Amino acid sequence: MALKIRKNQSPPPPNGCPLSHCMEILKGAWTPNVIWHLSAGPRRFSELRLDIPAVSAKVLTARLKDLERKGVVHREVRPTSPPSVEYSLTDLGAELLPAISAIVEVSHKLKTRAHSGCPTAQGEAAE
């Protein structure tokens, strides 16, 4: 016998759902990491590569260009010899930090549960 489909009780998302818009900005491998490492101030490309050693130069370049296009990261060419480029967060980028920090906090809690053997971390008991 098929199960009855229950009516969704959550409110409908607002027009131009803000959650979808925010997740569109944060999507892509390493994007939250880039924002996180720029939170303490401007960084050069080579410094970001050291901050995030697992990311390839190609992916880091793509993420920085994408974040710059979305208005999250500011790219400044410094008049040094040779010229250098610094990346920093815009006001929009800084506004994303509390959301990323909240995700980090939840991640710590999930890791703690997983290591403690808590049933909720293992998918709860079979229903």
# chains A, B, ... in the order shown; residues from 1 in each chain; ligands from 1
>>> residues_around(residues="Leu97 in chain A", least_positions_apart="4", cutoff="8 Å", atoms="only C-alpha atoms", output="NGL selection string")
:A and (35-36 or 39 or 93 or 101)
>>> residues_around(residues="Leu48 in chain A", least_positions_apart="5", cutoff="9 Å", atoms="only C-alpha atoms", output="list of chain:residue names")
A:Val34, A:His37, A:Leu38, A:Arg43, A:Pro53, A:Leu60
>>> closest_residue(among="A:Thr112, A:Asn33, A:Thr90, A:Ser84", to="Ser46 in chain A", atoms="only C-alpha atoms")
A:Ser84
>>> select_by_dssp(residues="range 49-99 of chain A", states="strand (DSSP E)", output="ChimeraX atom specification")
/A:73-78,84-89
>>> atom_distance(atom1="CA of Arg63 in chain A", atom2="CA of Arg78 in chain A")
20.4 Å
>>> select_by_dssp(residues="chain A", states="helix (DSSP H, G or I)", output="MDAnalysis selection string")
chainID A and resid 18:26 31:38 45:51 57:69 91:95 97:116 119:122
>>> write_last_selection(atoms="C-alpha atoms", output="mmCIF file, in the first residue's frame")
data_model
loop_
_atom_site.group_PDB
_atom_site.id
_atom_site.type_symbol
_atom_site.label_atom_id
_atom_site.label_comp_id
_atom_site.auth_asym_id
_atom_site.auth_seq_id
_atom_site.Cartn_x
_atom_site.Cartn_y
_atom_site.Cartn_z
ATOM 1 C CA PRO A 18 17.096 34.849 -0.281
ATOM 2 C CA LEU A 19 18.378 31.398 0.684
ATOM 3 C CA SER A 20 18.809 30.433 -2.955
ATOM 4 C CA HIS A 21 20.536 33.740 -3.693
ATOM 5 C CA CYS A 22 22.975 33.315 -0.793
ATOM 6 C CA MET A 23 23.735 29.712 -1.727
ATOM 7 C CA GLU A 24 24.331 30.826 -5.328
ATOM 8 C CA ILE A 25 27.069 33.121 -4.019
ATOM 9 C CA LEU A 26 28.601 30.436 -1.790
ATOM 10 C CA THR A 31 34.411 29.308 -2.021
ATOM 11 C CA PRO A 32 33.675 29.429 1.743
ATOM 12 C CA ASN A 33 37.357 28.733 2.431
ATOM 13 C CA VAL A 34 38.440 31.681 0.287
ATOM 14 C CA ILE A 35 35.992 33.992 2.060
ATOM 15 C CA TRP A 36 37.125 32.661 5.453
ATOM 16 C CA HIS A 37 40.810 33.288 4.726
ATOM 17 C CA LEU A 38 40.118 36.808 3.476
ATOM 18 C CA PHE A 45 47.175 34.826 -4.516
ATOM 19 C CA SER A 46 50.294 33.006 -3.298
ATOM 20 C CA GLU A 47 49.267 33.585 0.329
ATOM 21 C CA LEU A 48 45.823 32.098 -0.350
ATOM 22 C CA ARG A 49 47.511 29.081 -1.960
ATOM 23 C CA LEU A 50 49.452 28.579 1.281
ATOM 24 C CA ASP A 51 46.294 29.107 3.363
ATOM 25 C CA ALA A 57 45.829 27.260 -8.774
ATOM 26 C CA LYS A 58 43.253 26.821 -11.544
ATOM 27 C CA VAL A 59 40.334 26.382 -9.124
ATOM 28 C CA LEU A 60 41.512 29.204 -6.851
ATOM 29 C CA THR A 61 41.749 31.539 -9.843
ATOM 30 C CA ALA A 62 38.238 30.555 -10.936
ATOM 31 C CA ARG A 63 36.815 31.090 -7.433
ATOM 32 C CA LEU A 64 38.459 34.491 -7.051
ATOM 33 C CA LYS A 65 37.190 35.644 -10.471
ATOM 34 C CA ASP A 66 33.695 34.380 -9.675
ATOM 35 C CA LEU A 67 33.631 36.046 -6.259
ATOM 36 C CA GLU A 68 34.906 39.284 -7.782
ATOM 37 C CA ARG A 69 32.165 39.156 -10.439
ATOM 38 C CA ASP A 91 31.035 44.772 2.405
ATOM 39 C CA LEU A 92 28.919 41.978 0.895
ATOM 40 C CA GLY A 93 31.714 39.468 1.497
ATOM 41 C CA ALA A 94 31.992 40.546 5.130
ATOM 42 C CA GLU A 95 28.222 40.067 5.537
ATOM 43 C CA LEU A 97 31.037 35.706 7.463
ATOM 44 C CA PRO A 98 28.381 35.141 10.165
ATOM 45 C CA ALA A 99 26.705 32.528 7.943
ATOM 46 C CA ILE A 100 30.007 30.765 7.298
ATOM 47 C CA SER A 101 30.864 30.927 11.019
ATOM 48 C CA ALA A 102 27.492 29.354 11.851
ATOM 49 C CA ILE A 103 28.202 26.527 9.393
ATOM 50 C CA VAL A 104 31.607 25.987 11.040
ATOM 51 C CA GLU A 105 29.943 25.827 14.474
ATOM 52 C CA VAL A 106 27.417 23.228 13.298
ATOM 53 C CA SER A 107 30.245 21.250 11.707
ATOM 54 C CA HIS A 108 32.093 21.136 15.045
ATOM 55 C CA LYS A 109 28.933 19.850 16.750
ATOM 56 C CA LEU A 110 28.425 17.196 14.069
ATOM 57 C CA LYS A 111 32.018 16.005 14.443
ATOM 58 C CA THR A 112 31.615 15.822 18.214
ATOM 59 C CA ARG A 113 28.446 13.730 17.850
ATOM 60 C CA ALA A 114 30.081 11.433 15.314
ATOM 61 C CA HIS A 115 33.036 10.807 17.619
ATOM 62 C CA SER A 116 30.850 10.269 20.687
ATOM 63 C CA PRO A 119 22.726 7.817 17.466
ATOM 64 C CA THR A 120 21.619 11.080 15.830
ATOM 65 C CA ALA A 121 25.010 11.337 14.193
ATOM 66 C CA GLN A 122 24.560 7.883 12.701
#
>>> closest_residue(among="A:Gln9, A:Ser56, A:Thr80, A:Ser88", to="Ala29 in chain A", atoms="only C-alpha atoms")
A:Ser56
>>> residues_around(residues="Val77 in chain A", least_positions_apart="5", cutoff="9 Å", atoms="only C-alpha atoms", output="VMD selection string")
chain A and resid 83 to 87
>>> write_last_selection(atoms="N, CA and C atoms", output="CSV table (one decimal), in the first residue's frame")
chain,number,residue,atom,x,y,z
A,83,PRO,N,54.4,44.3,-10.3
A,83,PRO,CA,53.1,44.5,-9.8
A,83,PRO,C,52.5,43.3,-9.0
A,84,SER,N,51.8,43.5,-7.9
A,84,SER,CA,51.2,42.4,-7.2
A,84,SER,C,49.7,42.7,-7.1
A,85,VAL,N,49.0,41.7,-6.8
A,85,VAL,CA,47.5,41.7,-6.7
A,85,VAL,C,47.1,41.3,-5.3
A,86,GLU,N,46.2,42.1,-4.7
A,86,GLU,CA,45.7,41.7,-3.4
A,86,GLU,C,44.2,41.6,-3.5
A,87,TYR,N,43.7,40.6,-2.8
A,87,TYR,CA,42.3,40.3,-2.7
A,87,TYR,C,41.8,40.6,-1.3
>>> atom_distance(atom1="CA of Cys17 in chain A", atom2="CA of Val73 in chain A")
22.6 Å
>>> closest_residue(among="A:Lys4, A:Gly117, A:Ala54, A:Leu89", to="Trp30 in chain A", atoms="only C-alpha atoms")
A:Ala54
>>> atom_distance(atom1="CA of Pro82 in chain A", atom2="CA of Lys70 in chain A")
27.8 Å
